[in-house]
Structure formats: C-alpha cells, structure tokens
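Heads up, entry_24.cif below (mmCIF, C-alpha atoms and all ligand atoms):
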data_final
loop_
_atom_site.group_PDB
_atom_site.id
_atom_site.type_symbol
_atom_site.label_atom_id
_atom_site.label_comp_id
_atom_site.auth_asym_id
_atom_site.auth_seq_id
_atom_site.Cartn_x
_atom_site.Cartn_y
_atom_site.Cartn_z
ATOM 1 C CA MET X 10 107.072 90.171 97.906
ATOM 2 C CA ASP X 11 105.912 88.293 94.854
ATOM 3 C CA PRO X 12 107.926 85.018 94.764
ATOM 4 C CA GLU X 13 107.803 84.908 90.943
ATOM 5 C CA LEU X 14 109.181 88.432 90.619
ATOM 6 C CA LEU X 15 111.790 87.555 93.237
ATOM 7 C CA GLU X 16 113.088 84.730 91.099
ATOM 8 C CA ASP X 17 112.987 86.906 87.953
ATOM 9 C CA ALA X 18 114.982 89.548 89.842
ATOM 10 C CA ILE X 19 117.639 87.071 90.992
ATOM 11 C CA LYS X 20 118.049 85.680 87.471
ATOM 12 C CA ASP X 21 118.211 89.165 85.981
ATOM 13 C CA ARG X 22 120.822 90.361 88.517
ATOM 14 C CA ILE X 23 122.948 87.299 87.804
ATOM 15 C CA SER X 24 122.750 87.842 84.045
ATOM 16 C CA LYS X 25 123.318 91.618 84.177
ATOM 17 C CA MET X 26 125.788 91.903 87.079
ATOM 18 C CA GLY X 27 127.358 88.456 87.167
ATOM 19 C CA ARG X 28 126.424 88.078 90.838
ATOM 20 C CA LYS X 29 123.369 87.377 92.904
ATOM 21 C CA PRO X 30 121.757 89.674 95.497
ATOM 22 C CA LYS X 31 123.465 89.541 98.910
ATOM 23 C CA ALA X 32 120.211 89.113 100.816
ATOM 24 C CA ILE X 33 116.458 88.811 100.376
ATOM 25 C CA ILE X 34 114.343 90.990 102.682
ATOM 26 C CA PRO X 35 110.630 90.172 102.633
ATOM 27 C CA VAL X 36 108.454 92.663 104.550
ATOM 28 C CA ALA X 37 105.306 91.733 106.505
ATOM 29 C CA LEU X 38 103.333 94.774 105.332
ATOM 30 C CA TYR X 39 100.625 95.816 107.794
ATOM 31 C CA GLY X 40 101.465 92.594 109.641
ATOM 32 C CA MET X 41 100.378 90.297 106.798
ATOM 33 C CA PRO X 42 102.701 87.284 106.412
ATOM 34 C CA TYR X 43 104.733 87.054 103.225
ATOM 35 C CA ARG X 44 104.691 83.766 101.277
ATOM 36 C CA ILE X 45 107.680 82.598 103.280
ATOM 37 C CA ASP X 46 107.437 78.959 102.117
ATOM 38 C CA ARG X 47 107.988 79.925 98.468
ATOM 39 C CA ILE X 48 110.501 82.656 99.339
ATOM 40 C CA MET X 49 112.623 80.225 101.405
ATOM 41 C CA GLU X 50 112.529 77.654 98.572
ATOM 42 C CA ILE X 51 113.864 80.209 96.104
ATOM 43 C CA ALA X 52 116.387 81.652 98.581
ATOM 44 C CA ASN X 53 117.703 78.189 99.421
ATOM 45 C CA SER X 54 117.984 77.147 95.790
ATOM 46 C CA TYR X 55 120.168 80.193 95.048
ATOM 47 C CA GLU X 56 121.845 80.090 98.494
ATOM 48 C CA ILE X 57 120.894 83.658 99.349
ATOM 49 C CA PRO X 58 120.268 84.516 103.029
ATOM 50 C CA VAL X 59 116.825 85.760 104.031
ATOM 51 C CA ILE X 60 116.452 88.620 106.514
ATOM 52 C CA GLU X 61 112.800 88.884 107.481
ATOM 53 C CA ASP X 62 111.534 92.397 108.116
ATOM 54 C CA ALA X 63 108.863 91.430 110.618
ATOM 55 C CA ALA X 64 108.758 94.964 112.110
ATOM 56 C CA GLU X 65 105.015 95.170 111.470
ATOM 57 C CA GLY X 66 104.469 91.425 111.781
ATOM 58 C CA PHE X 67 105.287 90.907 115.461
ATOM 59 C CA GLY X 68 103.334 87.766 116.445
ATOM 60 C CA SER X 69 102.005 87.052 112.941
ATOM 61 C CA ARG X 70 102.375 83.439 111.866
ATOM 62 C CA PHE X 71 102.694 81.400 108.701
ATOM 63 C CA ASN X 72 101.710 77.730 109.039
ATOM 64 C CA GLY X 73 101.749 78.222 112.793
ATOM 65 C CA GLN X 74 105.329 79.514 112.959
ATOM 66 C CA VAL X 75 106.007 83.114 114.031
ATOM 67 C CA LEU X 76 107.497 85.496 111.496
ATOM 68 C CA GLY X 77 111.125 86.356 112.045
ATOM 69 C CA THR X 78 112.088 82.722 112.702
ATOM 70 C CA PHE X 79 112.162 81.368 109.128
ATOM 71 C CA GLY X 80 115.120 83.230 107.657
ATOM 72 C CA LYS X 81 118.751 83.488 108.707
ATOM 73 C CA TYR X 82 117.726 86.587 110.636
ATOM 74 C CA GLY X 83 114.490 88.293 111.583
ATOM 75 C CA VAL X 84 114.122 91.919 112.617
ATOM 76 C CA LEU X 85 111.457 93.505 114.805
ATOM 77 C CA SER X 86 110.740 97.160 115.523
ATOM 78 C CA PHE X 87 109.633 98.516 118.881
ATOM 79 C CA ASN X 88 109.048 102.026 117.555
ATOM 80 C CA GLY X 89 106.195 103.923 119.191
ATOM 81 C CA ASN X 90 103.610 102.924 116.576
ATOM 82 C CA LYS X 91 104.337 99.178 116.501
ATOM 83 C CA MET X 92 102.479 96.283 118.148
ATOM 84 C CA ILE X 93 104.576 96.733 121.282
ATOM 85 C CA THR X 94 107.011 99.556 121.918
ATOM 86 C CA THR X 95 110.162 100.406 123.834
ATOM 87 C CA SER X 96 109.768 104.034 122.673
ATOM 88 C CA GLY X 97 112.367 103.282 120.006
ATOM 89 C CA GLY X 98 114.658 100.466 118.947
ATOM 90 C CA GLY X 99 114.034 96.897 117.958
ATOM 91 C CA ALA X 100 115.382 93.365 118.020
ATOM 92 C CA LEU X 101 117.240 90.973 115.796
ATOM 93 C CA ILE X 102 116.341 87.281 115.874
ATOM 94 C CA THR X 103 118.814 84.527 115.150
ATOM 95 C CA ALA X 104 118.953 80.880 116.202
ATOM 96 C CA ASN X 105 122.732 80.739 115.789
ATOM 97 C CA GLU X 106 124.734 81.406 118.951
ATOM 98 C CA ASP X 107 128.017 82.238 117.148
ATOM 99 C CA GLU X 108 126.270 84.692 114.854
ATOM 100 C CA TRP X 109 124.509 86.228 117.825
ATOM 101 C CA ARG X 110 127.890 86.845 119.496
ATOM 102 C CA GLU X 111 129.324 88.440 116.363
ATOM 103 C CA ILE X 112 126.224 90.618 115.908
ATOM 104 C CA MET X 113 126.419 91.782 119.530
ATOM 105 C CA MET X 114 130.082 92.690 118.936
ATOM 106 C CA TYR X 115 129.040 94.875 115.996
ATOM 107 C CA ALA X 116 126.145 96.341 117.979
ATOM 108 C CA THR X 117 128.459 97.265 120.849
ATOM 109 C CA GLN X 118 131.244 99.110 119.017
ATOM 110 C CA TYR X 119 133.261 95.942 118.414
ATOM 111 C CA ARG X 120 135.293 96.392 121.569
ATOM 112 C CA GLU X 121 137.882 93.729 122.352
ATOM 113 C CA SER X 122 138.465 92.710 125.962
ATOM 114 C CA TYR X 123 141.278 95.033 126.910
ATOM 115 C CA PRO X 124 141.258 97.615 129.708
ATOM 116 C CA TYR X 125 141.209 100.268 126.961
ATOM 117 C CA TYR X 126 139.190 100.611 123.756
ATOM 118 C CA GLN X 127 140.617 98.215 121.168
ATOM 119 C CA HIS X 128 138.758 97.775 117.877
ATOM 120 C CA GLU X 129 139.675 94.960 115.480
ATOM 121 C CA LYS X 130 136.720 95.979 113.324
ATOM 122 C CA ILE X 131 134.462 98.997 113.020
ATOM 123 C CA GLY X 132 131.367 98.469 115.141
ATOM 124 C CA PHE X 133 128.239 100.495 115.834
ATOM 125 C CA ASN X 134 126.291 101.741 118.823
ATOM 126 C CA TYR X 135 123.072 99.810 118.188
ATOM 127 C CA ARG X 136 122.333 98.164 121.501
ATOM 128 C CA MET X 137 119.132 98.908 123.368
ATOM 129 C CA SER X 138 119.422 100.916 126.582
ATOM 130 C CA ASN X 139 118.416 99.198 129.818
ATOM 131 C CA ILE X 140 115.617 101.751 130.268
ATOM 132 C CA CYS X 141 114.114 100.883 126.888
ATOM 133 C CA ALA X 142 114.555 97.158 127.563
ATOM 134 C CA GLY X 143 112.702 97.600 130.860
ATOM 135 C CA ILE X 144 109.780 99.202 129.038
ATOM 136 C CA GLY X 145 109.881 96.323 126.543
ATOM 137 C CA ARG X 146 109.669 93.719 129.295
ATOM 138 C CA GLY X 147 106.586 95.472 130.603
ATOM 139 C CA GLN X 148 105.136 95.605 127.098
ATOM 140 C CA MET X 149 105.635 91.849 126.674
ATOM 141 C CA THR X 150 102.940 91.327 129.319
ATOM 142 C CA VAL X 151 100.373 93.027 127.038
ATOM 143 C CA ALA X 152 101.654 91.676 123.692
ATOM 144 C CA ASP X 153 99.050 88.900 123.386
ATOM 145 C CA GLU X 154 96.301 91.313 124.405
ATOM 146 C CA HIS X 155 97.389 93.847 121.769
ATOM 147 C CA ILE X 156 97.504 91.217 119.015
ATOM 148 C CA ALA X 157 94.048 89.903 120.016
ATOM 149 C CA HIS X 158 92.741 93.483 120.001
ATOM 150 C CA HIS X 159 94.020 94.184 116.484
ATOM 151 C CA LYS X 160 92.426 90.959 115.217
ATOM 152 C CA HIS X 161 89.156 91.926 116.923
ATOM 153 C CA VAL X 162 89.175 95.399 115.333
ATOM 154 C CA GLN X 163 89.853 93.817 111.925
ATOM 155 C CA LYS X 164 86.892 91.461 112.390
ATOM 156 C CA MET X 165 84.647 94.388 113.288
ATOM 157 C CA TYR X 166 85.714 96.316 110.169
ATOM 158 C CA GLU X 167 85.086 93.210 108.053
ATOM 159 C CA GLU X 168 81.580 92.782 109.486
ATOM 160 C CA LEU X 169 80.525 96.426 109.577
ATOM 161 C CA LEU X 170 81.824 97.267 106.099
ATOM 162 C CA GLU X 171 80.566 94.083 104.459
ATOM 163 C CA ASP X 172 77.476 95.699 102.917
ATOM 164 C CA VAL X 173 79.102 98.962 101.886
ATOM 165 C CA SER X 174 79.465 98.683 98.135
ATOM 166 C CA GLY X 175 82.779 99.768 96.659
ATOM 167 C CA ILE X 176 84.664 99.509 99.968
ATOM 168 C CA HIS X 177 86.608 96.296 100.582
ATOM 169 C CA VAL X 178 88.393 95.309 103.773
ATOM 170 C CA HIS X 179 91.676 93.610 103.011
ATOM 171 C CA ALA X 180 91.681 90.210 104.722
ATOM 172 C CA GLN X 181 94.216 87.392 104.760
ATOM 173 C CA PRO X 182 93.787 84.577 102.220
ATOM 174 C CA ALA X 183 91.522 81.932 103.767
ATOM 175 C CA THR X 184 93.918 79.065 103.027
ATOM 176 C CA GLY X 185 94.659 78.337 106.677
ATOM 177 C CA GLU X 186 98.355 79.231 106.280
ATOM 178 C CA TYR X 187 98.069 82.903 107.180
ATOM 179 C CA ASP X 188 97.671 84.301 110.679
ATOM 180 C CA SER X 189 98.100 88.069 110.434
ATOM 181 C CA ASN X 190 98.361 90.203 113.567
ATOM 182 C CA TYR X 191 96.429 92.896 111.611
ATOM 183 C CA TRP X 192 98.754 95.567 112.929
ATOM 184 C CA LEU X 193 97.052 97.871 110.464
ATOM 185 C CA CYS X 194 93.573 97.324 109.042
ATOM 186 C CA THR X 195 93.435 98.366 105.413
ATOM 187 C CA ILE X 196 90.627 98.946 102.943
ATOM 188 C CA THR X 197 90.440 99.600 99.235
ATOM 189 C CA ILE X 198 88.001 102.040 97.684
ATOM 190 C CA ASP X 199 86.739 101.433 94.160
ATOM 191 C CA PRO X 200 87.431 104.358 91.797
ATOM 192 C CA GLU X 201 83.656 104.663 91.101
ATOM 193 C CA VAL X 202 82.842 105.497 94.745
ATOM 194 C CA LYS X 203 82.032 109.222 95.008
ATOM 195 C CA ILE X 204 83.177 110.917 98.205
ATOM 196 C CA LYS X 205 81.991 114.282 99.527
ATOM 197 C CA GLY X 206 84.488 117.023 98.707
ATOM 198 C CA GLN X 207 86.198 114.887 96.073
ATOM 199 C CA GLU X 208 86.269 117.795 93.596
ATOM 200 C CA ASN X 209 88.611 119.623 95.990
ATOM 201 C CA ALA X 210 91.047 116.743 96.532
ATOM 202 C CA TYR X 211 94.685 117.781 96.144
ATOM 203 C CA LYS X 212 93.720 121.416 95.457
ATOM 204 C CA THR X 213 95.861 122.714 98.304
ATOM 205 C CA ILE X 214 99.309 121.784 99.546
ATOM 206 C CA VAL X 215 99.012 119.694 102.718
ATOM 207 C CA GLN X 216 100.756 121.294 105.681
ATOM 208 C CA GLY X 217 102.650 118.899 107.950
ATOM 209 C CA ALA X 218 100.599 115.757 107.241
ATOM 210 C CA VAL X 219 103.245 113.421 108.595
ATOM 211 C CA GLY X 220 105.672 115.772 110.307
ATOM 212 C CA GLY X 221 109.405 115.480 110.409
ATOM 213 C CA ALA X 222 111.950 114.964 113.156
ATOM 214 C CA ALA X 223 111.159 117.101 116.217
ATOM 215 C CA GLY X 224 108.686 119.167 114.205
ATOM 216 C CA VAL X 225 111.177 120.009 111.465
ATOM 217 C CA ILE X 226 109.449 119.563 108.116
ATOM 218 C CA HIS X 227 110.191 120.409 104.533
ATOM 219 C CA VAL X 228 107.245 122.342 103.163
ATOM 220 C CA ALA X 229 105.886 120.329 100.219
ATOM 221 C CA ASP X 230 106.457 122.211 96.972
ATOM 222 C CA SER X 231 103.507 120.676 95.153
ATOM 223 C CA ALA X 232 100.017 119.446 96.061
ATOM 224 C CA THR X 233 100.440 116.343 93.915
ATOM 225 C CA THR X 234 103.107 113.838 92.838
ATOM 226 C CA ASP X 235 103.278 111.418 89.897
ATOM 227 C CA CYS X 236 102.106 108.529 92.083
ATOM 228 C CA GLN X 237 99.395 109.168 94.662
ATOM 229 C CA PRO X 238 96.048 107.845 95.947
ATOM 230 C CA ASN X 239 92.950 108.510 93.824
ATOM 231 C CA ASP X 240 90.942 111.684 94.465
ATOM 232 C CA ASN X 241 88.190 109.783 96.298
ATOM 233 C CA VAL X 242 90.736 108.220 98.677
ATOM 234 C CA GLU X 243 92.274 111.606 99.463
ATOM 235 C CA ALA X 244 88.791 113.102 99.905
ATOM 236 C CA LEU X 245 87.877 110.339 102.356
ATOM 237 C CA ARG X 246 91.092 110.974 104.305
ATOM 238 C CA VAL X 247 90.232 114.690 104.551
ATOM 239 C CA PHE X 248 86.592 113.928 105.465
ATOM 240 C CA MET X 249 87.674 111.562 108.249
ATOM 241 C CA ASP X 250 90.304 114.006 109.482
ATOM 242 C CA ALA X 251 87.558 116.626 109.924
ATOM 243 C CA ALA X 252 85.624 114.037 111.976
ATOM 244 C CA GLY X 253 88.631 113.533 114.260
ATOM 245 C CA ILE X 254 89.787 110.267 112.656
ATOM 246 C CA GLU X 255 93.357 109.840 111.460
ATOM 247 C CA ALA X 256 93.480 107.644 108.363
ATOM 248 C CA ARG X 257 96.453 107.318 106.042
ATOM 249 C CA PRO X 258 97.195 106.077 102.545
ATOM 250 C CA LEU X 259 99.014 102.759 102.130
ATOM 251 C CA TRP X 260 102.809 102.875 102.045
ATOM 252 C CA LYS X 261 103.976 104.467 98.840
ATOM 253 C CA PRO X 262 105.772 101.894 96.665
ATOM 254 C CA MET X 263 109.537 102.090 97.184
ATOM 255 C CA HIS X 264 110.296 102.384 93.471
ATOM 256 C CA LYS X 265 108.132 105.552 93.364
ATOM 257 C CA GLN X 266 110.128 107.241 96.138
ATOM 258 C CA PRO X 267 112.252 109.962 94.519
ATOM 259 C CA CYS X 268 115.296 108.900 96.555
ATOM 260 C CA TYR X 269 115.182 105.456 94.884
ATOM 261 C CA LYS X 270 114.333 106.628 91.374
ATOM 262 C CA ASP X 271 117.568 105.239 89.955
ATOM 263 C CA ALA X 272 117.391 101.883 91.748
ATOM 264 C CA PRO X 273 116.468 98.749 89.794
ATOM 265 C CA ALA X 274 112.930 97.528 90.450
ATOM 266 C CA TYR X 275 111.079 94.354 89.481
ATOM 267 C CA LEU X 276 107.399 95.111 89.186
ATOM 268 C CA SER X 277 103.994 93.662 88.406
ATOM 269 C CA GLY X 278 101.981 96.870 88.810
ATOM 270 C CA VAL X 279 100.233 95.573 91.946
ATOM 271 C CA SER X 280 101.930 97.928 94.432
ATOM 272 C CA GLU X 281 101.100 101.036 92.379
ATOM 273 C CA ALA X 282 97.522 99.870 91.810
ATOM 274 C CA MET X 283 97.049 99.243 95.551
ATOM 275 C CA PHE X 284 98.529 102.613 96.495
ATOM 276 C CA LYS X 285 95.903 104.353 94.330
ATOM 277 C CA VAL X 286 92.923 102.705 96.044
ATOM 278 C CA GLY X 287 94.142 101.771 99.526
ATOM 279 C CA MET X 288 93.754 103.305 102.968
ATOM 280 C CA CYS X 289 94.849 102.385 106.515
ATOM 281 C CA LEU X 290 92.244 102.675 109.273
ATOM 282 C CA PRO X 291 92.878 103.155 113.011
ATOM 283 C CA ALA X 292 93.498 99.860 114.837
ATOM 284 C CA GLY X 293 95.663 100.629 117.872
ATOM 285 C CA PRO X 294 95.142 99.470 121.463
ATOM 286 C CA TYR X 295 93.009 102.527 122.329
ATOM 287 C CA VAL X 296 90.565 102.053 119.435
ATOM 288 C CA SER X 297 87.363 100.882 121.131
ATOM 289 C CA ASP X 298 84.383 99.041 119.623
ATOM 290 C CA GLU X 299 82.518 102.324 119.779
ATOM 291 C CA ASP X 300 85.357 104.031 117.867
ATOM 292 C CA VAL X 301 85.223 101.372 115.127
ATOM 293 C CA ARG X 302 81.464 101.876 114.765
ATOM 294 C CA TYR X 303 81.996 105.656 114.578
ATOM 295 C CA ILE X 304 84.746 105.243 111.967
ATOM 296 C CA VAL X 305 82.515 102.992 109.817
ATOM 297 C CA GLU X 306 79.539 105.378 110.165
ATOM 298 C CA THR X 307 81.817 108.253 109.143
ATOM 299 C CA ILE X 308 82.971 106.338 106.047
ATOM 300 C CA LYS X 309 79.331 105.634 105.124
ATOM 301 C CA SER X 310 78.351 109.266 105.599
ATOM 302 C CA ALA X 311 81.238 110.370 103.359
ATOM 303 C CA ILE X 312 79.884 108.432 100.383
ATOM 304 C CA VAL X 313 77.698 110.448 98.000
ATOM 305 C CA GLY X 314 74.362 108.865 97.056
HETATM 306 C C1 LIG O 401 108.737 100.513 111.456
HETATM 307 C C2 LIG O 401 109.349 99.703 110.384
HETATM 308 C C3 LIG O 401 110.722 99.625 110.225
HETATM 309 C C4 LIG O 401 111.672 100.460 111.002
HETATM 310 O O1 LIG O 401 111.651 100.296 112.337
HETATM 311 P P1 LIG O 401 112.248 101.445 113.278
HETATM 312 O O2 LIG O 401 112.334 100.767 114.588
HETATM 313 O O3 LIG O 401 111.249 102.565 113.240
HETATM 314 O O4 LIG O 401 113.557 101.816 112.704
HETATM 315 C C5 LIG O 401 111.247 98.818 109.240
HETATM 316 N N1 LIG O 401 110.437 98.128 108.429
HETATM 317 C C6 LIG O 401 109.102 98.190 108.530
HETATM 318 C C7 LIG O 401 108.274 97.375 107.597
HETATM 319 C C8 LIG O 401 108.512 98.992 109.491
HETATM 320 O O5 LIG O 401 107.179 99.063 109.574
#
I need this file expressed as structure tokens, please.
Ligand SMILES: *Cc1c(COP(=O)(O)O)cnc(C)c1O
Amino acid sequence: MDPELLEDAIKDRISKMGRKPKAIIPVALYGMPYRIDRIMEIANSYEIPVIEDAAEGFGSRFNGQVLGTFGKYGVLSFNGNKMITTSGGGALITANEDEWREIMMYATQYRESYPYYQHEKIGFNYRMSNICAGIGRGQMTVADEHIAHHKHVQKMYEELLEDVSGIHVHAQPATGEYDSNYWLCTITIDPEVKIKGQENAYKTIVQGAVGGAAGVIHVADSATTDCQPNDNVEALRVFMDAAGIEARPLWKPMHKQPCYKDAPAYLSGVSEAMFKVGMCLPAGPYVSDEDVRYIVETIKSAIVG
C-alpha cells in the first residue's frame, strides 16, 4: 500500500462521498512489511481504524515489532500454504479485552447466556475447531524454524541469481526497518530476457492451473486476458513446470480482477507493471538447498543465449 495514494484515496472519498473509508487494510504481500509507520500516521490523522492483513506476514517485523500488532486489529491465516497451518482458519489479533469479548461473541453465533439459543445480534460461526487449534499448537513449535528456513532460501536465491543478467530477486529495502519472513521469494524478469519456448506462450488455454474447490473448475474461455505476465514470464513458468518446479505469477492486481471492475481504485501503475514481470519461486519448508540450486540452474538453462 502506497501511503501517498492512501492519503489521496481518503481525500477523494471524502470529497466525492462526503465520508471517509471505514477501515484501512494494508496487506503484507509475500510477507514483506507494509510501511506501517506512515500508514498509521495517516490513519490516525483521519481517525480511521487499521486492520492489518498479516496473513502472509506471520512473524515479519517492522522496526522490530511483529506485523498484526500495530493496527486496531491484525489478521493471520493458517491456510495450508501459509507459514504455519491449522489446515484452514486463522486468527484475529487485538490488544483490547472488551473488543476481544465482542469479537468472540460474533464469532460464536452471538449466543446470550440462556439455557436456549437467544440472539441479541446476528453472529457467525467463525471459531476455530479444537482439532485445528491442536494442530496449530503443534505448528507453533516449528514456526521459528519455518521463518528461518524461508529467510535462508531467500538468501540463497539472492546469491545464486546475483550474476544472472535480467533476473532480479526482490529483496527488502536495506534501511534496517524491514524484517520480512520471505514467505514467498519473488523475482522479476526483464522484458528483454529471451526464454526458450517464448514464441508459444499463451498459445493454448491452460487446463486447471490453479484448480477450484474440490477439483471443480471453470474451464477458461480464453488463453489470455487484458492484464497478464509477459510472454517470457509465462514461458519460464511452463519451462519450470516441465522440469517439475511449480512457479507462479505474482498476485494479479485487485483492480484488474473482473469481479472488481466497477470498484474505485487509486493507482500508480506499479502493481500492473510488477504483475507483468514478476514470478514467485518455491520457498516452503520442504525446499532444500539442493532444490534451490536445481531451480536456479533450471532458470539459467531456460534463458536463450
Ligand atoms: C491467504 C490470505 C488470506 C486469506 O486467508 P484464508 O485463511 O485462506 O482465508 C487473506 N489475505 C492474504 C494476503 C492471504 O495471503
């Protein structure tokens, strides 16, 4: 979240709608801390609550403080692909005991203390099951190990890809404020880099690249969309897939998702530019040093010339 755009957005909403946004939700993309110092300054000056989406930023820090503890609330995800998992579910962080009680009421169907179900308000069924919580407690014992592993994998990518021209490993700003958990290691690929098979990129409709719920997928009706990674990035993804390596594009910018096409967006062009050139590389707990070397060698062998 660009703090300058954030402030522009707040001002614009106030002038157009006569009211300010109800909440500000910065997202720690790939685990990288957001500029929470500037975001909190702006949020406080307009008195807008901050809900930190630290789902990917579990254990990341800004100025030594863990993400999820700056705003009014922080949220974590324990989905299967996150830094630690409970198979599904997540957690909400708040320092305020009264708010915690009220949130737990909402998360537990807002049941009043009568022998029968009595609802003063409409609640939800959002609490974590004891089985999932048990898995989470076990996962907490490996949390530090997982975070250290992701940082180690990132360091290896940085070192091994240093001399590969046109490929850049995205690293945190070296200002001393950032401490990313490097949940995902990401690279950018210059448009000039030629990749084997690039001429065939996007020629065929991809079948089940991501998959839907329980194997239910909508068959894509086109091979391309109006906002997608460059041909060389797609070619590298396909090349790595054939070598047994799962790599993915960056997250597609929200304002380019068809379901949000009518939503207001405040843009600088950065998210679209990054989506064109970016790629996520494997970084999970089972990615060994040998795997990282193989992944880097595969990237090198994919480059033409
Ligand atoms: C995974 C994720 C979520 C959603 O978490 P679930 O537990 O899968 O619902 C939200 N925000 C970000 C940034 C995520 O990466």
- request: Return as an MDAnalysis selection string the residues of protein, DNA or RNA that approach ligand LIG 401 (chain O) to within 8 Å, with all atoms listed in the file taken into account.
  value: chainID X and resid 36:39 62:65 85:91 97:99
message: To one decimal place in Å, what is the distance between atom CA of Ile308 of chain X and atom CA of Ala292 of chain X?
response: 15.2 Å
field: Residues within 10 Å of Tyr295 of chain X, only C-alpha atoms, excluding chain neighbours under 5 positions, as a PyMOL selection string
entry: chain X and resi 155+158+300
field: Picked residues, the PyMOL selection byres (((chain X and resi 192) around 6) and not hetatm), expected as a PyMOL selection string
entry: chain X and resi 39-40+190-191+193
message: Can you measure atom CA of Ile196 of chain X to atom CA of Val286 of chain X for me? One decimal in Å is fine.
response: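 According to the coordinates, atom CA of Ile196 of chain X and atom CA of Val286 of chain X are separated by 8.2 Å.
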- request: Quote the spacing between atom CA of Lys309 of chain X and atom CA of Met249 of chain X in Å to one decimal place.
  value: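 The value is 10.7 Å.
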- request: List, as a ChimeraX atom specification, every residue that the PyMOL selection byres (((chain X and resi 51) around 10) and not hetatm) selects in the file provided.
  value: /X:12-13,15-16,19,33,45-50,52-57
Selection from above, C-alpha atoms, as a compact mmCIF listing (two decimals), in the coordinates of the input, can you write it?
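As written to disk, selection-v5.txt reads:
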# COMPACT_ATOMS: atom_id res chain seq x y z
CA PRO X 12 107.93 85.02 94.76
CA GLU X 13 107.80 84.91 90.94
CA LEU X 15 111.79 87.56 93.24
CA GLU X 16 113.09 84.73 91.10
CA ILE X 19 117.64 87.07 90.99
CA ILE X 33 116.46 88.81 100.38
CA ILE X 45 107.68 82.60 103.28
CA ASP X 46 107.44 78.96 102.12
CA ARG X 47 107.99 79.92 98.47
CA ILE X 48 110.50 82.66 99.34
CA MET X 49 112.62 80.22 101.40
CA GLU X 50 112.53 77.65 98.57
CA ALA X 52 116.39 81.65 98.58
CA ASN X 53 117.70 78.19 99.42
CA SER X 54 117.98 77.15 95.79
CA TYR X 55 120.17 80.19 95.05
CA GLU X 56 121.84 80.09 98.49
CA ILE X 57 120.89 83.66 99.35
query: Which polymer residues have any atom within 10 Å of an atom of Lys285 of chain X, counting only C-alpha atoms, with same-chain residues fewer than 2 positions away left out, as JSON, numbers by chain?
result: {"X": [197, 198, 199, 200, 236, 237, 238, 239, 240, 241, 242, 243, 258, 259, 261, 280, 281, 282, 283, 287, 288]}
Residue subset to file, keeping C-alpha atoms, as a tab-separated table (two decimals), keeping the file's coordinate frame:
chain	number	residue	atom	x	y	z
X	197	THR	CA	90.44	99.60	99.24
X	198	ILE	CA	88.00	102.04	97.68
X	199	ASP	CA	86.74	101.43	94.16
X	200	PRO	CA	87.43	104.36	91.80
X	236	CYS	CA	102.11	108.53	92.08
X	237	GLN	CA	99.40	109.17	94.66
X	238	PRO	CA	96.05	107.84	95.95
X	239	ASN	CA	92.95	108.51	93.82
X	240	ASP	CA	90.94	111.68	94.46
X	241	ASN	CA	88.19	109.78	96.30
X	242	VAL	CA	90.74	108.22	98.68
X	243	GLU	CA	92.27	111.61	99.46
X	258	PRO	CA	97.20	106.08	102.54
X	259	LEU	CA	99.01	102.76	102.13
X	261	LYS	CA	103.98	104.47	98.84
X	280	SER	CA	101.93	97.93	94.43
X	281	GLU	CA	101.10	101.04	92.38
X	282	ALA	CA	97.52	99.87	91.81
X	283	MET	CA	97.05	99.24	95.55
X	287	GLY	CA	94.14	101.77	99.53
X	288	MET	CA	93.75	103.30	102.97
- prompt: With distances taken over only C-alpha atoms, which of X:Gln148, X:Thr103, X:Gln207, X:Thr117 is nearest to Val59 of chain X?
  reply: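 Nearest to Val59 of chain X: X:Thr103.
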Which centre and which edge lengths, in Å to one decimal, describe the axis-aligned box that holds all listed atoms of segment 119-138 of chain X after 6 Å is added on each side, as lines of an AutoDock Vina configuration file?
center_x = 130.2
center_y = 97.2
center_z = 121.4
size_x = 34.1
size_y = 21.0
size_z = 28.7
- prompt: Which is closer to Gly80 of chain X than all the others in X:Gly68, X:Pro42, X:Pro35, X:Pro124, using only C-alpha atoms?
  reply: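 Of X:Gly68, X:Pro42, X:Pro35, X:Pro124, the one nearest Gly80 of chain X is X:Pro35, counting only C-alpha atoms.
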- request: Can you turn the PyMOL selection byres (((chain X and resi 29) around 10) and not hetatm) into a concrete residue list for this file, as a list in words?
  value: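 When the PyMOL selection byres (((chain X and resi 29) around 10) and not hetatm) is applied to the shown file, the picked residues are Ala18, Ile19, Lys20, Asp21, Arg22, Ile23, Ser24, Lys25, Met26, Gly27, Arg28, Pro30, Lys31, Ala32, Tyr55, Glu56 and Ile57 of chain X.
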- prompt: Nearest to Val305 of chain X: which of X:Tyr166, X:Tyr269, X:Tyr43, X:Tyr125 is it, counting all atoms listed in the file?
  reply: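 Checking each of X:Tyr166, X:Tyr269, X:Tyr43, X:Tyr125 against Val305 of chain X, counting all atoms listed in the file, the winner is X:Tyr166.
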field: Residue nearest Glu255 of chain X among X:Ile304, X:Phe71, X:Gly206, X:Gly77 (counting only C-alpha atoms)
entry: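 Looking only at the distances to Glu255 of chain X, the closest residue turns out to be X:Ile304.
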field: For Ala244 of chain X, the nearest of the candidates X:Tyr119, X:Tyr211, X:Trp260, X:Tyr275, counting only C-alpha atoms
entry: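 Result for the nearest residue to Ala244 of chain X: X:Tyr211.
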- prompt: Between X:Glu306, X:Glu129, X:Asp298, X:Asp235, which is the closest to Pro267 of chain X once you count only C-alpha atoms?
  reply: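 Closest to Pro267 of chain X, using only C-alpha atoms: X:Asp235.
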